[in-house]
$ cat data-v3.cif   # mmCIF, C-alpha atoms
data_query
#
loop_
_atom_site.label_atom_id
_atom_site.label_comp_id
_atom_site.auth_asym_id
_atom_site.auth_seq_id
_atom_site.Cartn_x
_atom_site.Cartn_y
_atom_site.Cartn_z
CA MET A 855 -11.75 -20.41 7.71
CA ILE A 856 -9.80 -18.39 5.13
CA THR A 857 -10.72 -19.03 1.49
CA PRO A 858 -7.80 -19.70 -0.89
CA ASN A 859 -7.98 -16.37 -2.76
CA VAL A 860 -7.83 -14.26 0.44
CA LYS A 861 -4.40 -12.68 0.79
CA ILE A 862 -4.98 -10.64 3.98
CA ALA A 863 -7.70 -11.08 6.59
CA ALA A 864 -8.40 -8.97 9.67
CA LYS A 865 -10.36 -10.69 12.41
CA ASN A 866 -11.91 -8.76 15.32
CA LEU A 867 -9.10 -6.23 14.87
CA SER A 868 -8.70 -3.23 17.16
CA VAL A 869 -6.15 -0.50 16.47
CA GLY A 870 -4.91 2.27 18.73
CA TYR A 871 -2.23 3.69 20.96
CA GLY A 872 -2.23 3.13 24.72
CA ASP A 873 -5.78 3.59 25.98
CA TYR A 874 -6.87 5.41 22.82
CA VAL A 875 -8.76 3.28 20.28
CA LEU A 876 -9.00 4.33 16.62
CA LEU A 877 -10.68 1.21 15.24
CA LYS A 878 -12.40 -1.63 17.06
CA ASN A 879 -13.68 -5.11 16.23
CA ALA A 880 -12.92 -4.76 12.52
CA ASP A 881 -13.24 -7.63 10.05
CA PHE A 882 -12.26 -7.40 6.39
CA GLU A 883 -10.54 -9.39 3.67
CA VAL A 884 -8.17 -8.43 0.86
CA ASN A 885 -8.35 -10.85 -2.04
CA GLN A 886 -5.46 -11.97 -4.21
CA GLY A 887 -5.03 -9.38 -6.99
CA ASP A 888 -7.09 -6.64 -5.34
CA ILE A 889 -6.22 -2.97 -5.58
CA PHE A 890 -7.64 -2.37 -2.12
CA PHE A 891 -8.18 1.15 -0.77
CA ILE A 892 -8.40 2.08 2.91
CA MET A 893 -10.55 5.22 2.91
CA GLY A 894 -11.92 7.66 5.45
CA SER A 895 -11.62 11.20 6.74
CA SER A 896 -8.53 12.52 8.53
CA GLY A 897 -7.97 11.02 11.97
CA CYS A 898 -10.00 7.86 11.40
CA GLY A 899 -6.97 5.56 11.70
CA LYS A 900 -6.12 4.74 8.08
CA SER A 901 -2.33 5.03 8.45
CA SER A 902 -2.42 3.37 11.87
CA LEU A 903 -4.27 0.41 10.35
CA LEU A 904 -1.60 0.23 7.65
CA ARG A 905 1.06 0.19 10.36
CA VAL A 906 -0.68 -2.81 11.95
CA LEU A 907 -0.93 -4.60 8.60
CA THR A 908 2.80 -4.11 8.00
CA GLY A 909 3.87 -5.08 11.53
CA LEU A 910 5.04 -1.62 12.59
CA LEU A 911 2.31 -1.39 15.24
CA PRO A 912 0.89 -4.34 17.21
CA PRO A 913 -2.90 -4.67 17.22
CA LYS A 914 -4.67 -3.90 20.47
CA GLU A 915 -6.84 -6.95 19.88
CA GLY A 916 -7.59 -9.43 17.12
CA GLN A 917 -5.62 -10.94 14.29
CA VAL A 918 -4.05 -10.03 10.98
CA LEU A 919 -3.73 -13.14 8.84
CA ILE A 920 -1.37 -12.94 5.87
CA GLY A 921 -1.52 -16.01 3.69
CA GLY A 922 -3.49 -17.64 6.50
CA GLU A 923 -0.76 -17.07 9.11
CA ASP A 924 -1.31 -14.89 12.19
CA PHE A 925 1.19 -12.13 11.49
CA ALA A 926 1.08 -10.43 14.89
CA ALA A 927 1.55 -13.71 16.78
CA ALA A 928 4.28 -15.04 14.48
CA THR A 929 7.82 -15.64 15.69
CA PRO A 930 10.41 -13.02 14.63
CA GLU A 931 11.73 -15.48 12.05
CA ASN A 932 8.27 -16.10 10.58
CA LYS A 933 7.50 -12.38 10.60
CA GLN A 934 10.63 -11.70 8.61
CA HIS A 935 9.68 -14.48 6.19
CA ILE A 936 6.21 -12.96 5.71
CA MET A 937 7.59 -9.43 5.23
CA ARG A 938 10.10 -10.79 2.73
CA HIS A 939 7.07 -11.16 0.45
CA CYS A 940 5.76 -7.63 1.11
CA GLY A 941 6.91 -4.22 -0.07
CA ILE A 942 6.06 -0.76 1.32
CA LEU A 943 6.05 2.66 -0.35
CA TYR A 944 5.99 5.33 2.34
CA GLN A 945 4.35 8.71 1.80
CA SER A 946 7.67 10.56 1.36
CA GLY A 947 9.34 7.78 -0.61
CA ALA A 948 11.75 7.36 2.35
CA LEU A 949 14.84 7.13 0.19
CA PHE A 950 18.25 7.37 1.86
CA SER A 951 19.51 10.78 0.76
CA SER A 952 23.19 9.81 0.99
CA MET A 953 22.69 6.88 -1.41
CA THR A 954 22.06 6.89 -5.15
CA LEU A 955 18.82 5.51 -6.52
CA GLY A 956 20.66 2.36 -7.52
CA GLU A 957 22.09 1.93 -4.03
CA ASN A 958 18.65 2.47 -2.50
CA VAL A 959 17.09 -0.23 -4.67
CA ALA A 960 20.03 -2.59 -4.14
CA LEU A 961 19.81 -2.41 -0.33
CA PRO A 962 17.02 -4.97 0.24
CA LEU A 963 18.60 -7.28 -2.32
CA GLN A 964 21.93 -7.10 -0.50
CA GLN A 965 20.29 -7.74 2.89
CA TYR A 966 17.71 -10.39 2.04
CA SER A 967 18.92 -12.29 -1.03
CA ASP A 968 21.84 -14.45 -2.12
CA TYR A 969 22.33 -12.71 -5.45
CA THR A 970 25.85 -11.86 -6.57
CA PRO A 971 26.83 -8.17 -6.98
CA ALA A 972 26.52 -8.54 -10.76
CA GLU A 973 23.03 -10.05 -10.44
CA ILE A 974 21.97 -7.31 -8.03
CA ASN A 975 23.21 -4.64 -10.43
CA GLU A 976 21.18 -6.21 -13.23
CA LEU A 977 18.06 -6.40 -11.05
CA VAL A 978 18.47 -2.77 -9.94
CA GLU A 979 18.57 -1.62 -13.55
CA LEU A 980 15.53 -3.79 -14.33
CA LYS A 981 13.45 -2.40 -11.44
CA LEU A 982 14.37 1.21 -12.20
CA SER A 983 13.53 0.71 -15.87
CA TYR A 984 10.18 -0.84 -14.92
CA VAL A 985 9.14 2.34 -13.08
CA GLY A 986 10.43 4.60 -15.86
CA LEU A 987 13.77 5.51 -14.29
CA GLY A 988 16.15 3.72 -16.62
CA GLY A 989 19.40 5.65 -16.73
CA PHE A 990 18.89 7.28 -13.32
CA LYS A 991 20.74 4.67 -11.26
CA ASP A 992 23.58 7.04 -10.29
CA PHE A 993 21.36 10.01 -9.42
CA TYR A 994 20.79 11.06 -5.80
CA PRO A 995 17.29 11.75 -4.41
CA SER A 996 18.06 15.48 -4.21
CA GLU A 997 18.61 15.54 -7.98
CA ILE A 998 15.17 14.27 -9.03
CA SER A 999 11.55 15.42 -8.78
CA GLY A 1000 8.96 14.38 -6.22
CA GLY A 1001 7.20 12.08 -8.67
CA MET A 1002 10.51 10.43 -9.57
CA LYS A 1003 11.28 9.92 -5.87
CA LYS A 1004 7.96 8.09 -5.48
CA ARG A 1005 8.81 5.86 -8.44
CA ALA A 1006 12.29 5.20 -7.08
CA GLY A 1007 10.74 4.26 -3.74
CA LEU A 1008 8.39 1.94 -5.61
CA ALA A 1009 11.34 0.33 -7.41
CA ARG A 1010 12.92 -0.37 -4.02
CA ALA A 1011 9.62 -1.74 -2.65
CA MET A 1012 9.49 -4.09 -5.66
CA ALA A 1013 13.12 -5.19 -5.37
CA LEU A 1014 12.32 -8.59 -3.84
CA ASP A 1015 9.30 -9.26 -6.11
CA PRO A 1016 6.73 -9.04 -3.29
CA ASP A 1017 3.29 -10.65 -3.40
CA ILE A 1018 1.81 -7.65 -1.58
CA LEU A 1019 2.59 -3.93 -1.99
CA TYR A 1020 1.47 -1.39 0.62
CA PHE A 1021 1.16 2.33 -0.19
CA ASP A 1022 0.69 5.18 2.29
CA GLU A 1023 -0.87 8.19 0.49
CA PRO A 1024 1.14 7.61 -2.71
CA SER A 1025 -0.25 10.72 -4.45
CA ALA A 1026 0.57 13.10 -1.58
CA GLY A 1027 2.57 16.06 -2.84
CA LEU A 1028 2.23 15.14 -6.51
CA ASP A 1029 0.69 17.23 -9.27
CA PRO A 1030 -2.31 15.68 -11.08
CA ILE A 1031 -0.26 14.42 -14.04
CA SER A 1032 2.40 12.78 -11.85
CA SER A 1033 -0.36 11.29 -9.72
CA LYS A 1034 -2.04 9.79 -12.79
CA HIS A 1035 1.28 8.37 -14.00
CA LEU A 1036 1.73 6.71 -10.60
CA ASP A 1037 -1.81 5.30 -10.75
CA ASP A 1038 -1.08 3.89 -14.20
CA LEU A 1039 2.10 2.30 -12.89
CA ILE A 1040 0.27 0.74 -9.91
CA ARG A 1041 -2.36 -0.68 -12.27
CA GLN A 1042 0.38 -2.04 -14.54
CA ILE A 1043 2.12 -3.77 -11.62
CA ASN A 1044 -1.18 -5.26 -10.50
CA HIS A 1045 -2.17 -6.49 -13.96
CA SER A 1046 1.19 -7.72 -15.23
CA LEU A 1047 2.61 -9.20 -12.03
CA GLY A 1048 -0.58 -10.14 -10.17
CA THR A 1049 0.59 -8.18 -7.12
CA THR A 1050 -1.99 -7.51 -4.41
CA ILE A 1051 -2.06 -3.77 -3.67
CA VAL A 1052 -3.21 -2.08 -0.42
CA ILE A 1053 -3.42 1.73 -0.52
CA VAL A 1054 -4.23 4.33 2.13
CA SER A 1055 -5.63 7.34 0.28
CA HIS A 1056 -8.28 10.04 0.18
CA GLU A 1057 -7.63 10.94 -3.48
CA LEU A 1058 -10.91 10.24 -5.25
CA ASP A 1059 -9.43 10.26 -8.76
CA SER A 1060 -7.08 7.43 -7.77
CA ILE A 1061 -9.73 5.57 -5.80
CA TYR A 1062 -12.17 5.51 -8.71
CA SER A 1063 -9.56 5.00 -11.41
CA ILE A 1064 -7.78 1.92 -10.07
CA GLY A 1065 -9.61 0.68 -6.98
CA THR A 1066 -11.25 -2.76 -7.15
CA ASN A 1067 -12.14 -3.13 -3.46
CA SER A 1068 -12.14 -0.93 -0.35
CA ILE A 1069 -13.15 -0.30 3.22
CA PHE A 1070 -14.29 2.99 4.74
CA LEU A 1071 -13.23 3.82 8.31
CA ASP A 1072 -15.45 6.07 10.44
CA SER A 1073 -13.89 8.03 13.29
CA ALA A 1074 -17.20 8.58 15.12
CA SER A 1075 -18.10 4.91 15.47
CA LYS A 1076 -14.47 3.68 15.28
CA SER A 1077 -15.63 1.05 12.81
CA ILE A 1078 -15.81 0.07 9.16
CA ILE A 1079 -19.06 1.51 7.79
CA ALA A 1080 -18.69 0.56 4.11
CA ARG A 1081 -16.86 -1.97 1.99
CA GLY A 1082 -16.70 -2.97 -1.66
CA ASN A 1083 -15.75 -1.58 -5.07
CA PRO A 1084 -15.59 2.23 -4.75
CA ASN A 1085 -17.44 2.75 -8.04
CA GLU A 1086 -20.30 0.63 -6.73
CA LEU A 1087 -20.28 2.37 -3.35
CA VAL A 1088 -20.73 5.80 -4.92
CA LYS A 1089 -23.73 4.51 -6.90
CA ASN A 1090 -25.31 2.94 -3.82
CA PRO A 1091 -23.80 4.63 -0.74
CA PRO A 1092 -24.78 2.89 2.50
CA ASN A 1093 -24.99 6.11 4.51
CA GLU A 1094 -24.57 9.89 4.34
CA THR A 1095 -21.00 9.87 5.68
CA VAL A 1096 -19.77 7.65 2.88
CA TYR A 1097 -21.84 9.57 0.31
CA ASN A 1098 -20.36 12.91 1.35
CA PHE A 1099 -16.82 11.54 1.22
CA LEU A 1100 -17.21 9.84 -2.14
CA THR A 1101 -18.95 12.82 -3.76
CA ARG A 1102 -17.11 15.62 -1.96
CA GLY A 1103 -20.47 16.98 -0.94
CA GLY A 1104 -22.34 16.30 -4.16
CA GLU A 1105 -19.81 16.52 -6.99
CA LYS A 1106 -20.07 13.74 -9.56
CA HIS A 1107 -17.31 11.11 -9.37
CA GLY A 1108 -16.75 7.50 -10.29
CA LYS A 1109 -17.00 5.60 -13.53
#

$ encode --input "data-v3.cif" --output "structure tokens"
Amino acid sequence: MITPNVKIAAKNLSVGYGDYVLLKNADFEVNQGDIFFIMGSSGCGKSSLLRVLTGLLPPKEGQVLIGGEDFAAATPENKQHIMRHCGILYQSGALFSSMTLGENVALPLQQYSDYTPAEINELVELKLSYVGLGGFKDFYPSEISGGMKKRAGLARAMALDPDILYFDEPSAGLDPISSKHLDDLIRQINHSLGTTIVIVSHELDSIYSIGTNSIFLDSASKSIIARGNPNELVKNPPNETVYNFLTRGGEKHGK
């Protein structure tokens, strides 16, 4: 039984490629309004789990329930309906280099909405302004910085007003100030729009600053070995592996 405030639920979930298993028999829930971090060391399956949650990789076993519906077992039509309410920011931003920022943001609106060209243009300007890129609609990705590319990618991910936003290492390649600005923007989206956020990351500053819930994947046991608010986990780590990750070997972190 899924409680009403649960947005995403994994049940007996196994993730891997071919005969190789990265994660097995995993159970976790993402609540409505969470900023939920998927943590763990390199090679533990964080990005692969995100691919399963977003439908890019089928689970080896188990279920992913989004809004109570089995996403992996859904018909193509139902899958598209579910993903219509989700947005994804890839690690690189994944903008189309031959298109302006405005054209990039407009693309999902043109494909999946009935808005008129004038309405789409207005929405594009609104989304770009929301992420701090007002006035950059006619710029190409090659003409802006890495942090601006991430924000433009976020504007595109938000184009259809999704209930859930997925992020794959959003701070990768960013300087500390740009990374903090992106964290602030993610928190603003979460607070003002009520969007549920799922983030794959190993950046402790981001994890402690904005995370409200999390799971920790362990490559040795291929399982989830910790879950909960990251700031609580660092105060009461369940094991040495989690402690070492959350303290970087003893440095003080958290709130």

$ closest_residue --input "data-v3.cif" --among "A:Leu1014, A:Leu907, A:Leu1100, A:Ile920" --to "A:Val959" --atoms "only C-alpha atoms"
A:Leu1014

$ resolve_selection --input "data-v3.cif" --expression "the PyMOL selection byres ((chain A and resi 893) around 9)" --output "ChimeraX atom specification"
/A:891-892,894-895,898,900,1053-1056,1061,1068-1071

$ closest_residue --input "data-v3.cif" --among "A:Pro962, A:Gly916, A:Gly986, A:Gly956" --to "A:Cys940" --atoms "all atoms listed in the file"
A:Pro962

$ closest_residue --input "data-v3.cif" --among "A:Glu1023, A:Asp1017, A:Glu957, A:Glu915" --to "A:Tyr944" --atoms "only C-alpha atoms"
A:Glu1023

$ closest_residue --input "data-v3.cif" --among "A:Asp1037, A:Asp968, A:Gln934, A:Leu1058" --to "A:Val1088" --atoms "all atoms listed in the file"
A:Leu1058

$ residues_around --input "data-v3.cif" --residues "stretch 1003-1012 of chain A" --least-positions-apart "4" --cutoff "9 Å" --atoms "only C-alpha atoms" --output "mmCIF file with C-alpha atoms, in the frame of the given file"
data_model
loop_
_atom_site.group_PDB
_atom_site.id
_atom_site.type_symbol
_atom_site.label_atom_id
_atom_site.label_comp_id
_atom_site.auth_asym_id
_atom_site.auth_seq_id
_atom_site.Cartn_x
_atom_site.Cartn_y
_atom_site.Cartn_z
ATOM 1 C CA CYS A 940 5.760 -7.630 1.110
ATOM 2 C CA GLY A 941 6.910 -4.220 -0.070
ATOM 3 C CA ILE A 942 6.060 -0.760 1.320
ATOM 4 C CA LEU A 943 6.050 2.660 -0.350
ATOM 5 C CA TYR A 944 5.990 5.330 2.340
ATOM 6 C CA GLN A 945 4.350 8.710 1.800
ATOM 7 C CA SER A 946 7.670 10.560 1.360
ATOM 8 C CA GLY A 947 9.340 7.780 -0.610
ATOM 9 C CA ALA A 948 11.750 7.360 2.350
ATOM 10 C CA LEU A 949 14.840 7.130 0.190
ATOM 11 C CA LEU A 955 18.820 5.510 -6.520
ATOM 12 C CA GLY A 956 20.660 2.360 -7.520
ATOM 13 C CA ASN A 958 18.650 2.470 -2.500
ATOM 14 C CA VAL A 959 17.090 -0.230 -4.670
ATOM 15 C CA ALA A 960 20.030 -2.590 -4.140
ATOM 16 C CA LEU A 961 19.810 -2.410 -0.330
ATOM 17 C CA PRO A 962 17.020 -4.970 0.240
ATOM 18 C CA VAL A 978 18.470 -2.770 -9.940
ATOM 19 C CA LYS A 981 13.450 -2.400 -11.440
ATOM 20 C CA LEU A 982 14.370 1.210 -12.200
ATOM 21 C CA SER A 983 13.530 0.710 -15.870
ATOM 22 C CA TYR A 984 10.180 -0.840 -14.920
ATOM 23 C CA VAL A 985 9.140 2.340 -13.080
ATOM 24 C CA GLY A 986 10.430 4.600 -15.860
ATOM 25 C CA LEU A 987 13.770 5.510 -14.290
ATOM 26 C CA PRO A 995 17.290 11.750 -4.410
ATOM 27 C CA SER A 996 18.060 15.480 -4.210
ATOM 28 C CA ILE A 998 15.170 14.270 -9.030
ATOM 29 C CA SER A 999 11.550 15.420 -8.780
ATOM 30 C CA PRO A 1016 6.730 -9.040 -3.290
ATOM 31 C CA LEU A 1019 2.590 -3.930 -1.990
ATOM 32 C CA TYR A 1020 1.470 -1.390 0.620
ATOM 33 C CA PRO A 1024 1.140 7.610 -2.710
ATOM 34 C CA SER A 1025 -0.250 10.720 -4.450
ATOM 35 C CA LEU A 1036 1.730 6.710 -10.600
ATOM 36 C CA LEU A 1039 2.100 2.300 -12.890
#

$ residues_around --input "data-v3.cif" --residues "A:Met953" --least-positions-apart "6" --cutoff "9 Å" --atoms "only C-alpha atoms" --output "number ranges by chain"
A: 992-995

$ decode --input "data-v3.cif" --residues "stretch 1001-1080 of chain A" --atoms "C-alpha atoms" --output "mmCIF file, in the first residue's frame"
data_model
loop_
_atom_site.group_PDB
_atom_site.id
_atom_site.type_symbol
_atom_site.label_atom_id
_atom_site.label_comp_id
_atom_site.auth_asym_id
_atom_site.auth_seq_id
_atom_site.Cartn_x
_atom_site.Cartn_y
_atom_site.Cartn_z
ATOM 1 C CA GLY A 1001 26.606 27.361 -15.067
ATOM 2 C CA MET A 1002 24.288 29.144 -17.491
ATOM 3 C CA LYS A 1003 24.006 25.973 -19.584
ATOM 4 C CA LYS A 1004 22.878 24.076 -16.481
ATOM 5 C CA ARG A 1005 20.250 26.731 -15.785
ATOM 6 C CA ALA A 1006 19.082 26.681 -19.401
ATOM 7 C CA GLY A 1007 18.785 22.899 -19.186
ATOM 8 C CA LEU A 1008 16.772 23.350 -16.007
ATOM 9 C CA ALA A 1009 14.466 25.833 -17.759
ATOM 10 C CA ARG A 1010 13.829 23.211 -20.442
ATOM 11 C CA ALA A 1011 13.242 20.505 -17.805
ATOM 12 C CA MET A 1012 10.671 22.820 -16.183
ATOM 13 C CA ALA A 1013 8.944 23.727 -19.448
ATOM 14 C CA LEU A 1014 5.927 21.476 -18.872
ATOM 15 C CA ASP A 1015 5.603 22.307 -15.142
ATOM 16 C CA PRO A 1016 6.579 18.809 -13.955
ATOM 17 C CA ASP A 1017 5.633 17.367 -10.569
ATOM 18 C CA ILE A 1018 9.029 15.640 -10.340
ATOM 19 C CA LEU A 1019 12.469 16.915 -11.385
ATOM 20 C CA TYR A 1020 15.425 14.533 -11.733
ATOM 21 C CA PHE A 1021 19.036 15.768 -11.632
ATOM 22 C CA ASP A 1022 22.156 13.790 -12.563
ATOM 23 C CA GLU A 1023 25.208 15.342 -10.838
ATOM 24 C CA PRO A 1024 23.955 18.920 -11.315
ATOM 25 C CA SER A 1025 27.083 20.502 -9.777
ATOM 26 C CA ALA A 1026 29.535 18.573 -11.984
ATOM 27 C CA GLY A 1027 31.935 20.964 -13.690
ATOM 28 C CA LEU A 1028 30.732 24.029 -11.806
ATOM 29 C CA ASP A 1029 32.792 26.319 -9.600
ATOM 30 C CA PRO A 1030 31.650 26.592 -5.948
ATOM 31 C CA ILE A 1031 29.752 29.858 -6.468
ATOM 32 C CA SER A 1032 27.869 28.582 -9.540
ATOM 33 C CA SER A 1033 27.137 25.360 -7.668
ATOM 34 C CA LYS A 1034 25.674 27.293 -4.725
ATOM 35 C CA HIS A 1035 23.547 29.403 -7.075
ATOM 36 C CA LEU A 1036 22.182 26.200 -8.614
ATOM 37 C CA ASP A 1037 21.447 24.780 -5.148
ATOM 38 C CA ASP A 1038 19.596 27.975 -4.257
ATOM 39 C CA LEU A 1039 17.573 27.702 -7.456
ATOM 40 C CA ILE A 1040 16.691 24.043 -6.767
ATOM 41 C CA ARG A 1041 15.554 24.989 -3.253
ATOM 42 C CA GLN A 1042 13.493 27.859 -4.659
ATOM 43 C CA ILE A 1043 11.762 25.557 -7.171
ATOM 44 C CA ASN A 1044 11.035 23.060 -4.413
ATOM 45 C CA HIS A 1045 9.671 25.645 -1.985
ATOM 46 C CA SER A 1046 7.712 27.863 -4.370
ATOM 47 C CA LEU A 1047 6.325 25.221 -6.726
ATOM 48 C CA GLY A 1048 6.183 22.183 -4.441
ATOM 49 C CA THR A 1049 8.181 20.151 -6.970
ATOM 50 C CA THR A 1050 9.586 16.825 -5.794
ATOM 51 C CA ILE A 1051 13.335 16.737 -6.516
ATOM 52 C CA VAL A 1052 15.520 13.621 -6.976
ATOM 53 C CA ILE A 1053 19.275 14.258 -7.258
ATOM 54 C CA VAL A 1054 22.232 11.961 -7.913
ATOM 55 C CA SER A 1055 25.251 13.619 -6.317
ATOM 56 C CA HIS A 1056 28.375 13.162 -4.222
ATOM 57 C CA GLU A 1057 28.763 16.898 -3.490
ATOM 58 C CA LEU A 1058 28.515 17.166 0.287
ATOM 59 C CA ASP A 1059 27.917 20.927 0.324
ATOM 60 C CA SER A 1060 24.807 20.441 -1.822
ATOM 61 C CA ILE A 1061 23.673 17.347 0.050
ATOM 62 C CA TYR A 1062 23.791 19.079 3.432
ATOM 63 C CA SER A 1063 22.533 22.439 2.194
ATOM 64 C CA ILE A 1064 19.327 21.379 0.452
ATOM 65 C CA GLY A 1065 18.757 17.667 1.062
ATOM 66 C CA THR A 1066 15.685 16.643 3.076
ATOM 67 C CA ASN A 1067 15.860 12.886 2.474
ATOM 68 C CA SER A 1068 18.317 10.409 0.957
ATOM 69 C CA ILE A 1069 19.470 6.869 0.375
ATOM 70 C CA PHE A 1070 23.056 5.598 0.368
ATOM 71 C CA LEU A 1071 24.022 2.870 -2.119
ATOM 72 C CA ASP A 1072 26.838 0.469 -1.243
ATOM 73 C CA SER A 1073 28.752 -1.230 -4.053
ATOM 74 C CA ALA A 1074 30.084 -4.047 -1.836
ATOM 75 C CA SER A 1075 26.702 -5.312 -0.669
ATOM 76 C CA LYS A 1076 24.808 -3.976 -3.727
ATOM 77 C CA SER A 1077 22.206 -2.591 -1.354
ATOM 78 C CA ILE A 1078 20.916 0.518 0.390
ATOM 79 C CA ILE A 1079 22.801 0.784 3.693
ATOM 80 C CA ALA A 1080 21.437 4.132 4.942
#
